[in-house]
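Novice: run08.txt is reproduced below (compact mmCIF, C-alpha atoms).
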# COMPACT_ATOMS: atom_id res chain seq x y z
CA MET X 1 13.13 86.59 -24.06
CA SER X 2 12.85 82.89 -23.38
CA LYS X 3 14.28 83.44 -19.90
CA ASP X 4 11.46 85.86 -19.11
CA ILE X 5 8.83 83.34 -20.15
CA GLU X 6 10.49 80.68 -18.03
CA SER X 7 10.60 82.84 -14.91
CA GLN X 8 6.99 83.89 -15.45
CA MET X 9 5.90 80.27 -15.69
CA ARG X 10 7.86 79.31 -12.59
CA ALA X 11 6.19 82.12 -10.67
CA ALA X 12 2.74 81.09 -11.90
CA LEU X 13 3.20 77.33 -11.14
CA ARG X 14 4.95 77.58 -7.75
CA PRO X 15 3.79 75.06 -5.08
CA VAL X 16 1.11 76.44 -2.81
CA ALA X 17 -0.07 74.85 0.45
CA PRO X 18 -3.80 73.91 0.36
CA SER X 19 -6.21 75.71 2.54
CA GLU X 20 -7.55 74.10 5.76
CA GLU X 21 -11.02 73.91 4.26
CA PHE X 22 -9.75 71.94 1.22
CA SER X 23 -8.09 69.29 3.45
CA GLN X 24 -11.29 68.80 5.46
CA ARG X 25 -13.38 68.43 2.32
CA LEU X 26 -10.96 65.89 0.88
CA ALA X 27 -10.94 63.78 4.07
CA ALA X 28 -14.74 63.81 4.18
CA SER X 29 -15.06 62.73 0.54
CA VAL X 30 -12.55 59.87 1.05
CA ALA X 31 -14.49 58.63 4.09
CA SER X 32 -17.79 58.66 2.20
CA ALA X 33 -16.28 56.93 -0.87
CA ARG X 34 -15.16 53.72 1.12
CA PRO X 35 -16.52 50.51 -0.53
CA PRO X 36 -19.68 49.19 1.17
CA ALA X 37 -18.26 45.63 1.46
CA LEU X 38 -15.30 46.88 3.47
CA ARG X 39 -17.52 48.89 5.76
CA GLY X 40 -19.82 45.91 6.24
CA ARG X 41 -16.96 43.52 7.05
CA ARG X 42 -15.54 45.91 9.54
CA SER X 43 -18.84 46.38 11.27
CA GLY X 44 -19.42 42.54 11.40
CA ALA X 45 -15.93 41.68 12.73
CA ARG X 46 -17.30 41.43 16.21
CA LEU X 47 -19.02 38.07 16.79
CA HIS X 48 -21.99 37.63 19.02
CA PRO X 49 -20.76 36.11 22.35
CA LEU X 50 -22.98 33.07 21.83
CA ALA X 51 -21.59 32.50 18.32
CA TRP X 52 -18.08 32.86 19.68
CA TRP X 53 -18.71 30.23 22.35
CA PHE X 54 -20.31 27.96 19.80
CA SER X 55 -17.27 28.24 17.45
CA ALA X 56 -14.81 27.71 20.30
CA SER X 57 -16.64 24.64 21.62
CA LEU X 58 -16.91 23.23 18.08
CA ALA X 59 -13.16 23.65 17.57
CA ALA X 60 -12.44 22.10 20.98
CA SER X 61 -14.73 19.13 20.24
CA LEU X 62 -13.04 18.63 16.89
CA LEU X 63 -9.59 18.67 18.50
CA LEU X 64 -10.76 16.24 21.18
CA ALA X 65 -12.23 13.89 18.58
CA VAL X 66 -8.98 13.91 16.57
CA GLY X 67 -6.98 13.28 19.74
CA VAL X 68 -9.20 10.39 20.87
CA HIS X 69 -9.13 8.86 17.37
CA GLN X 70 -5.33 9.03 17.25
CA HIS X 71 -5.07 7.54 20.73
CA LEU X 72 -7.40 4.65 19.83
CA GLN X 73 -5.51 4.05 16.58
CA GLN X 74 -2.22 3.96 18.47
CA GLN X 75 -3.73 1.56 20.99
CA ARG X 76 -5.03 -0.73 18.23
CA LEU X 77 -1.61 -0.69 16.52
CA GLN X 78 0.08 -1.59 19.80
CA GLN X 79 -2.36 -4.44 20.40
CA SER X 80 -1.80 -5.80 16.87
CA GLY X 81 1.97 -5.48 17.30
CA LEU X 82 1.98 -7.33 20.61
CA GLU X 83 -0.30 -10.02 19.14
CA ALA X 84 2.03 -10.40 16.11
CA ARG X 85 5.01 -10.63 18.47
CA ARG X 86 3.26 -13.35 20.51
CA GLU X 87 2.46 -15.26 17.31
CA VAL X 88 6.08 -15.04 16.10
CA MET X 89 7.27 -16.43 19.43
CA GLN X 90 4.68 -19.22 19.33
CA ALA X 91 5.53 -20.08 15.70
CA LEU X 92 9.22 -20.32 16.54
CA LYS X 93 8.42 -22.40 19.61
CA VAL X 94 6.31 -24.88 17.61
CA THR X 95 9.01 -25.05 14.91
CA SER X 96 11.72 -25.65 17.47
CA GLN X 97 9.66 -28.40 19.16
CA LYS X 98 9.34 -30.24 15.85
CA LEU X 99 13.00 -29.67 14.98
CA ASN X 100 13.77 -31.17 18.36
CA LEU X 101 11.60 -34.18 17.54
CA ALA X 102 13.58 -34.71 14.32
CA TYR X 103 16.84 -34.20 16.17
CA GLU X 104 15.94 -36.80 18.81
CA ALA X 105 14.98 -39.28 16.09
CA VAL X 106 18.24 -38.68 14.19
CA LYS X 107 20.21 -38.97 17.44
CA SER X 108 18.56 -42.25 18.49
CA GLN X 109 19.08 -43.69 14.99
CA SER X 110 22.77 -42.79 14.96
CA SER X 111 23.29 -44.14 18.51
CA SER X 112 21.60 -47.46 17.63
CA LEU X 113 23.84 -47.72 14.56
CA THR X 114 26.90 -47.09 16.75
CA ASP X 115 25.75 -49.76 19.21
CA GLU X 116 25.32 -52.24 16.37
CA GLY X 117 28.80 -51.38 15.07
CA ASN X 118 30.34 -51.89 18.50
CA SER X 119 28.64 -55.26 19.02
CA VAL X 120 29.96 -56.50 15.67
CA MET D 1 12.14 -0.24 -33.07
CA ARG D 2 14.67 -2.56 -31.47
CA LYS D 3 13.83 -1.10 -28.04
CA CYS D 4 10.12 -1.67 -28.64
CA THR D 5 10.78 -5.28 -29.61
CA SER D 6 12.77 -5.95 -26.44
CA ILE D 7 10.05 -4.32 -24.26
CA LEU D 8 7.39 -6.42 -26.01
CA PHE D 9 9.51 -9.55 -25.49
CA PHE D 10 9.88 -8.76 -21.78
CA VAL D 11 6.16 -8.01 -21.33
CA LEU D 12 5.21 -11.29 -23.00
CA TRP D 13 7.74 -13.41 -21.15
CA ALA D 14 7.54 -11.79 -17.68
CA PRO D 15 4.45 -13.75 -16.54
CA ALA D 16 5.95 -16.99 -17.81
CA LEU D 17 9.23 -16.29 -15.99
CA ALA D 18 7.32 -15.42 -12.80
CA LEU D 19 5.45 -18.71 -13.00
CA ALA D 20 8.67 -20.61 -13.62
CA ALA D 21 10.35 -19.11 -10.51
CA PRO D 22 10.11 -21.45 -7.51
CA ASN D 23 7.50 -20.39 -5.00
CA PRO D 24 8.31 -21.36 -1.41
CA LYS D 25 4.83 -20.42 -0.13
CA LEU D 26 2.68 -23.51 0.29
CA ALA D 27 -1.06 -23.53 -0.22
CA ILE D 28 -2.07 -24.85 3.17
CA PRO D 29 -5.67 -26.10 3.42
CA SER D 30 -7.94 -24.61 6.08
CA PHE D 31 -8.35 -27.95 7.96
CA SER D 32 -11.59 -26.51 9.39
CA ALA D 33 -13.14 -29.97 9.90
CA LEU D 34 -10.06 -31.17 11.79
CA ALA D 35 -9.87 -27.96 13.81
CA GLN D 36 -13.34 -28.70 15.19
CA LYS D 37 -12.24 -32.17 16.33
CA ALA D 38 -8.94 -30.97 17.80
CA THR D 39 -8.52 -30.38 21.52
CA GLU D 40 -5.85 -27.81 20.78
CA SER D 41 -5.12 -26.00 17.57
CA VAL D 42 -2.54 -23.45 16.55
CA THR D 43 -3.17 -21.38 13.43
CA ILE D 44 -0.57 -18.75 12.72
CA THR D 45 -0.49 -16.67 9.56
CA LEU D 46 2.16 -13.99 9.55
CA ASP D 47 2.52 -12.08 6.29
CA PRO D 48 5.32 -9.52 5.62
CA GLY D 49 3.29 -6.69 7.15
CA LEU D 50 2.66 -8.52 10.42
CA LEU D 51 6.27 -9.73 10.57
CA GLY D 52 7.45 -6.14 10.23
CA LEU D 53 5.02 -5.04 12.93
CA ALA D 54 6.13 -7.85 15.25
CA ALA D 55 9.78 -6.90 14.71
CA LYS D 56 8.98 -3.37 15.92
CA PHE D 57 7.72 -4.81 19.19
CA LEU D 58 10.83 -6.90 19.82
CA ASP D 59 13.22 -5.40 22.30
CA SER D 60 16.75 -5.31 20.87
CA SER D 61 18.27 -5.10 24.36
CA ASP D 62 16.74 -8.49 25.25
CA PRO D 63 18.95 -11.36 23.92
CA GLN D 64 16.04 -13.60 22.91
CA ASP D 65 14.17 -10.75 21.22
CA ALA D 66 17.35 -9.61 19.46
CA ALA D 67 18.01 -13.12 18.12
CA THR D 68 14.39 -13.42 16.98
CA LYS D 69 14.57 -10.02 15.31
CA ASP D 70 17.68 -11.15 13.49
CA VAL D 71 15.93 -14.29 12.24
CA LEU D 72 12.91 -12.30 11.06
CA LYS D 73 15.08 -10.12 8.80
CA GLY D 74 14.46 -11.17 5.21
CA LEU D 75 11.46 -13.37 6.04
CA GLN D 76 8.30 -12.85 4.05
CA GLY D 77 5.96 -15.12 5.94
CA ILE D 78 5.52 -17.70 8.66
CA TYR D 79 2.59 -20.08 8.48
CA VAL D 80 1.90 -22.67 11.17
CA ARG D 81 -0.93 -25.17 11.51
CA SER D 82 -0.83 -27.55 14.43
CA TYR D 83 -3.65 -29.76 15.70
CA THR D 84 -3.69 -31.94 18.79
CA PHE D 85 -6.35 -34.61 19.34
CA ASP D 86 -7.41 -36.53 22.43
CA LYS D 87 -7.29 -39.94 20.67
CA ASP D 88 -5.32 -41.65 17.92
CA SER D 89 -6.13 -41.69 14.20
CA VAL D 90 -8.52 -38.74 14.16
CA TYR D 91 -6.74 -37.37 11.12
CA GLN D 92 -5.65 -39.32 8.05
CA GLN D 93 -2.39 -39.10 6.15
CA SER D 94 -4.48 -38.04 3.16
CA ASP D 95 -5.27 -34.81 5.02
CA ILE D 96 -1.60 -33.89 4.89
CA GLU D 97 -1.10 -35.26 1.39
CA ALA D 98 -2.32 -32.02 -0.20
CA VAL D 99 0.64 -30.25 1.38
CA ARG D 100 3.14 -33.07 0.92
CA SER D 101 2.42 -33.25 -2.81
CA GLN D 102 3.43 -29.57 -3.20
CA LEU D 103 6.84 -30.44 -1.83
CA ALA D 104 7.44 -32.70 -4.81
CA ALA D 105 7.62 -29.60 -7.01
CA PRO D 106 11.03 -28.57 -8.39
CA GLY D 107 13.07 -26.44 -6.05
CA TRP D 108 12.16 -28.28 -2.87
CA ASN D 109 14.81 -30.56 -1.36
CA ARG D 110 14.21 -32.95 1.51
CA LEU D 111 16.76 -32.14 4.18
CA VAL D 112 15.64 -34.47 6.97
CA GLU D 113 13.32 -37.46 7.00
CA THR D 114 12.79 -39.30 10.26
CA ARG D 115 10.45 -42.23 10.95
CA SER D 116 10.19 -43.45 14.52
CA ARG D 117 8.70 -46.90 15.07
CA LYS D 118 8.75 -46.35 18.80
CA THR D 119 6.83 -43.07 18.99
CA HIS D 120 5.28 -43.26 15.50
CA ALA D 121 6.45 -39.72 14.94
CA ASP D 122 7.40 -38.80 11.39
CA VAL D 123 9.18 -35.57 10.64
CA ASP D 124 10.08 -34.27 7.20
CA ILE D 125 12.03 -31.09 6.69
CA TYR D 126 12.23 -29.59 3.24
CA ILE D 127 14.18 -26.61 2.07
CA MET D 128 13.93 -24.54 -1.08
CA LEU D 129 17.17 -23.15 -2.42
CA ASP D 130 17.84 -20.34 -4.82
CA HIS D 131 21.51 -19.77 -5.71
CA ASN D 132 22.54 -21.80 -2.66
CA GLN D 133 20.46 -19.56 -0.38
CA ALA D 134 17.50 -20.98 1.52
CA ILE D 135 14.37 -19.13 0.44
CA GLY D 136 11.81 -21.44 1.98
CA LEU D 137 11.45 -24.07 4.67
CA ALA D 138 8.68 -26.58 5.16
CA LEU D 139 8.23 -28.93 8.05
CA ILE D 140 5.64 -31.67 8.37
CA ALA D 141 5.48 -33.54 11.66
CA SER D 142 2.88 -36.22 12.16
CA GLU D 143 2.34 -38.08 15.41
CA PRO D 144 -0.59 -40.33 16.37
CA ARG D 145 -2.41 -37.51 18.13
CA GLN D 146 -0.88 -34.46 16.56
CA PHE D 147 0.18 -33.08 13.24
CA THR D 148 2.03 -29.88 12.49
CA ILE D 149 2.80 -28.03 9.31
CA VAL D 150 5.27 -25.14 9.30
CA ASN D 151 6.08 -23.05 6.25
CA ILE D 152 8.66 -20.30 6.49
CA VAL D 153 8.98 -18.08 3.41
CA GLY D 154 11.89 -15.77 2.67
CA ALA D 155 15.65 -15.63 2.97
CA ILE D 156 16.23 -17.99 5.87
CA ASP D 157 19.63 -17.69 7.42
CA LEU D 158 20.19 -21.09 9.00
CA ASP D 159 23.12 -19.73 10.99
CA LYS D 160 20.79 -17.20 12.57
CA LEU D 161 18.29 -19.97 13.26
CA HIS D 162 21.10 -21.77 15.05
CA LYS D 163 21.55 -18.70 17.23
CA LEU D 164 18.08 -19.38 18.64
CA GLU D 165 19.46 -22.63 19.98
CA GLY D 166 18.64 -22.99 23.66
CA GLN D 167 16.20 -20.09 23.59
CA PHE D 168 13.20 -21.86 22.08
CA GLY D 169 14.72 -25.32 22.53
CA VAL D 170 16.02 -25.18 18.96
CA PRO D 171 18.48 -28.05 18.67
CA LYS D 172 21.64 -28.24 16.57
CA LEU D 173 20.40 -30.02 13.47
CA ASP D 174 23.34 -29.43 11.16
CA LEU D 175 21.02 -27.78 8.65
CA ASP D 176 23.61 -27.19 5.98
CA PRO D 177 22.03 -25.89 2.76
CA SER D 178 25.02 -27.10 0.73
CA LYS D 179 24.13 -30.70 1.71
CA ALA D 180 20.61 -30.14 0.46
CA ALA D 181 21.96 -28.74 -2.78
CA GLN D 182 24.05 -31.89 -3.26
CA ALA D 183 21.10 -34.16 -2.54
CA PRO D 184 19.15 -35.34 -5.57
CA GLN D 185 16.08 -33.26 -6.26
CA LYS D 186 12.71 -34.88 -5.77
Let me see whether you can do it: turn the structure in this file into structure tokens.
Specialist:
Amino acid sequence: MSKDIESQMRAALRPVAPSEEFSQRLAASVASARPPALRGRRSGARLHPLAWWFSASLAASLLLAVGVHQHLQQQRLQQSGLEARREVMQALKVTSQKLNLAYEAVKSQSSSLTDEGNSV
Amino acid sequence: MRKCTSILFFVLWAPALALAAPNPKLAIPSFSALAQKATESVTITLDPGLLGLAAKFLDSSDPQDAATKDVLKGLQGIYVRSYTFDKDSVYQQSDIEAVRSQLAAPGWNRLVETRSRKTHADVDIYIMLDHNQAIGLALIASEPRQFTIVNIVGAIDLDKLHKLEGQFGVPKLDLDPSKAAQAPQK
């Protein structure tokens, strides 16, 4: 008894391919139900040639400005570095000149003491 | 509680300890009035940042640059003031006194003192030591038409300074910090 009911139900609920007309109707309803924002974005994806050129030149100018700024900064850093190097050299030169002055004074004092010792 | 007490103790005593630590950096006056009278003046102020920058522009393959780079390691500052005049007695000893008085502070030791009657050139070299390591050097040279003040701050390796010998005309001065440590403090 139960087997009969089961086979009857299987026969009634068997998969059936949709008609051609149904597929066309479904595709049409899907196309008409697309969100307006999406449709709008898609239609505006193409920029006006003038706007495109404007954006491209703006981006190029920005890149150029960044490049020039970096180059100038690098140049300034190099100038400061070379100036600091020159100052270090000059500082050491001045220091060495004065150390030399002290050395000469110490040397002349010690030689005069030796001369006095020899004469005695 | 005990931890809090020790932190509080440290916070309260840290400024006092910092003040008590010897400071090898001298407060050098601007000497602006003398600079106007001078025929030649050298004013060099190199702080740690500029010393680091200068070291980057020294060529390690060049012997003089390499030796200089080696000397700069550990230094925190180089300050030079030098004025040359076209006649005698333009500056007074009192002009230098403001610097000389700072060298009477604890920590500074006079390493060399020379007085020449012939050339009237006086040179004083002071060194500041911390655990037998030179952390500061001061040099005051006064001649009839010139005076120079040099202050080098930082870990000065005198052996490395000796390596500059012959390159900047640095003579062998026998700058032995242990001798300065033995000398009585001013």
Novice: Just to confirm, what's the straight-line distance from CA of Asp157 (chain D) to CA of Val71 (chain D) in Å (one decimal)?
Specialist: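 These atoms are spaced 7.0 Å apart.
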Novice: Please work out which residues fall within 7 Å of (16.3, -21.5, 4.4), coordinates as given in the file, with all atoms listed in the file counting, and return them as a list in words.
Specialist: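 Selection result: Ile127, Met128, Gln133, Ala134, Ile135, Gly136, Leu137, Ala155, Ile156, Asp157 and Leu158 of chain D.
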Novice: Enumerate as number ranges by chain the residues belonging to chain X that approach chain D to within 8 Å, with only C-alpha atoms taken into account.
Specialist: X: 80-85, 87-88, 91-93, 95-103, 105-106
Novice: For CA of Gln92 (chain D) and CA of Arg110 (chain D), determine how far apart the two atoms are, in Å to one decimal place.
Specialist: 21.9 Å
Novice: Between CA of Val90 (chain D) and CA of Leu34 (chain D), what is the distance, to one decimal in Å?
Specialist: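 These two atoms are separated by 8.1 Å.
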Novice: Could you work out an axis-aligned bounding box for all listed atoms of region 72-78 of chain D, with 3 Å added on each of the six sides, and give its centre and edge lengths in Å to one decimal, as AutoDock Vina command-line options?
Specialist:
--center_x 10.3 --center_y -13.9 --center_z 7.6 --size_x 15.6 --size_y 13.6 --size_z 13.0
Novice: Using the structure block above, produce a file of region 64-99 of chain X that contains N, CA and C atoms, as an mmCIF file, in the first residue's frame.
Specialist:
data_model
loop_
_atom_site.group_PDB
_atom_site.id
_atom_site.type_symbol
_atom_site.label_atom_id
_atom_site.label_comp_id
_atom_site.auth_asym_id
_atom_site.auth_seq_id
_atom_site.Cartn_x
_atom_site.Cartn_y
_atom_site.Cartn_z
ATOM 1 N N LEU X 64 55.264 64.437 -10.620
ATOM 2 C CA LEU X 64 56.401 65.312 -10.909
ATOM 3 C C LEU X 64 56.764 66.152 -9.682
ATOM 4 N N ALA X 65 55.708 66.672 -9.025
ATOM 5 C CA ALA X 65 55.929 67.502 -7.834
ATOM 6 C C ALA X 65 56.609 66.698 -6.735
ATOM 7 N N VAL X 66 56.140 65.449 -6.530
ATOM 8 C CA VAL X 66 56.741 64.585 -5.500
ATOM 9 C C VAL X 66 58.199 64.296 -5.851
ATOM 10 N N GLY X 67 58.452 64.030 -7.126
ATOM 11 C CA GLY X 67 59.812 63.738 -7.587
ATOM 12 C C GLY X 67 60.747 64.916 -7.394
ATOM 13 N N VAL X 68 60.274 66.100 -7.771
ATOM 14 C CA VAL X 68 61.092 67.327 -7.629
ATOM 15 C C VAL X 68 61.363 67.605 -6.157
ATOM 16 N N HIS X 69 60.329 67.435 -5.318
ATOM 17 C CA HIS X 69 60.479 67.676 -3.874
ATOM 18 C C HIS X 69 61.533 66.735 -3.278
ATOM 19 N N GLN X 70 61.450 65.467 -3.675
ATOM 20 C CA GLN X 70 62.412 64.481 -3.156
ATOM 21 C C GLN X 70 63.828 64.800 -3.621
ATOM 22 N N HIS X 71 63.935 65.236 -4.872
ATOM 23 C CA HIS X 71 65.247 65.576 -5.430
ATOM 24 C C HIS X 71 65.852 66.767 -4.685
ATOM 25 N N LEU X 72 65.007 67.792 -4.442
ATOM 26 C CA LEU X 72 65.484 68.983 -3.731
ATOM 27 C C LEU X 72 65.885 68.649 -2.302
ATOM 28 N N GLN X 73 65.086 67.778 -1.666
ATOM 29 C CA GLN X 73 65.372 67.367 -0.289
ATOM 30 C C GLN X 73 66.714 66.622 -0.227
ATOM 31 N N GLN X 74 66.918 65.758 -1.198
ATOM 32 C CA GLN X 74 68.163 64.992 -1.283
ATOM 33 C C GLN X 74 69.359 65.928 -1.487
ATOM 34 N N GLN X 75 69.117 66.950 -2.335
ATOM 35 C CA GLN X 75 70.179 67.915 -2.631
ATOM 36 C C GLN X 75 70.526 68.731 -1.381
ATOM 37 N N ARG X 76 69.483 69.126 -0.648
ATOM 38 C CA ARG X 76 69.683 69.905 0.587
ATOM 39 C C ARG X 76 70.444 69.077 1.614
ATOM 40 N N LEU X 77 70.068 67.787 1.727
ATOM 41 C CA LEU X 77 70.726 66.878 2.678
ATOM 42 C C LEU X 77 72.200 66.712 2.321
ATOM 43 N N GLN X 78 72.456 66.611 1.031
ATOM 44 C CA GLN X 78 73.844 66.449 0.567
ATOM 45 C C GLN X 78 74.660 67.709 0.864
ATOM 46 N N GLN X 79 74.041 68.862 0.641
ATOM 47 C CA GLN X 79 74.723 70.128 0.922
ATOM 48 C C GLN X 79 75.038 70.247 2.411
ATOM 49 N N SER X 80 74.049 69.901 3.264
ATOM 50 C CA SER X 80 74.265 69.979 4.716
ATOM 51 C C SER X 80 75.345 68.994 5.131
ATOM 52 N N GLY X 81 75.333 67.810 4.554
ATOM 53 C CA GLY X 81 76.337 66.792 4.885
ATOM 54 C C GLY X 81 77.732 67.229 4.510
ATOM 55 N N LEU X 82 77.866 67.807 3.324
ATOM 56 C CA LEU X 82 79.189 68.273 2.880
ATOM 57 C C LEU X 82 79.663 69.453 3.733
ATOM 58 N N GLU X 83 78.711 70.310 4.135
ATOM 59 C CA GLU X 83 79.049 71.457 4.985
ATOM 60 C C GLU X 83 79.500 70.944 6.368
ATOM 61 N N ALA X 84 78.774 69.959 6.903
ATOM 62 C CA ALA X 84 79.138 69.383 8.211
ATOM 63 C C ALA X 84 80.510 68.720 8.131
ATOM 64 N N ARG X 85 80.781 68.056 7.032
ATOM 65 C CA ARG X 85 82.077 67.400 6.829
ATOM 66 C C ARG X 85 83.196 68.448 6.805
ATOM 67 N N ARG X 86 82.941 69.558 6.085
ATOM 68 C CA ARG X 86 83.940 70.632 5.998
ATOM 69 C C ARG X 86 84.194 71.218 7.388
ATOM 70 N N GLU X 87 83.115 71.382 8.167
ATOM 71 C CA GLU X 87 83.254 71.944 9.511
ATOM 72 C C GLU X 87 84.027 71.003 10.434
ATOM 73 N N VAL X 88 83.781 69.708 10.310
ATOM 74 C CA VAL X 88 84.524 68.724 11.120
ATOM 75 C C VAL X 88 86.017 68.828 10.809
ATOM 76 N N MET X 89 86.333 68.885 9.527
ATOM 77 C CA MET X 89 87.733 68.981 9.102
ATOM 78 C C MET X 89 88.373 70.265 9.630
ATOM 79 N N GLN X 90 87.618 71.372 9.545
ATOM 80 C CA GLN X 90 88.150 72.655 10.007
ATOM 81 C C GLN X 90 88.341 72.638 11.530
ATOM 82 N N ALA X 91 87.364 72.054 12.245
ATOM 83 C CA ALA X 91 87.455 71.970 13.710
ATOM 84 C C ALA X 91 88.683 71.168 14.125
ATOM 85 N N LEU X 92 88.913 70.060 13.444
ATOM 86 C CA LEU X 92 90.068 69.227 13.770
ATOM 87 C C LEU X 92 91.375 69.942 13.415
ATOM 88 N N LYS X 93 91.324 70.729 12.350
ATOM 89 C CA LYS X 93 92.515 71.465 11.929
ATOM 90 C C LYS X 93 92.868 72.540 12.970
ATOM 91 N N VAL X 94 91.845 73.274 13.414
ATOM 92 C CA VAL X 94 92.066 74.321 14.432
ATOM 93 C C VAL X 94 92.587 73.678 15.717
ATOM 94 N N THR X 95 91.948 72.568 16.117
ATOM 95 C CA THR X 95 92.371 71.865 17.338
ATOM 96 C C THR X 95 93.815 71.410 17.219
ATOM 97 N N SER X 96 94.152 70.849 16.078
ATOM 98 C CA SER X 96 95.520 70.342 15.900
ATOM 99 C C SER X 96 96.547 71.477 15.893
ATOM 100 N N GLN X 97 96.150 72.647 15.345
ATOM 101 C CA GLN X 97 97.063 73.798 15.342
ATOM 102 C C GLN X 97 97.370 74.228 16.782
ATOM 103 N N LYS X 98 96.346 74.232 17.605
ATOM 104 C CA LYS X 98 96.537 74.666 18.995
ATOM 105 C C LYS X 98 97.266 73.600 19.814
ATOM 106 N N LEU X 99 97.011 72.339 19.502
ATOM 107 C CA LEU X 99 97.759 71.256 20.164
ATOM 108 C C LEU X 99 99.238 71.369 19.792
#
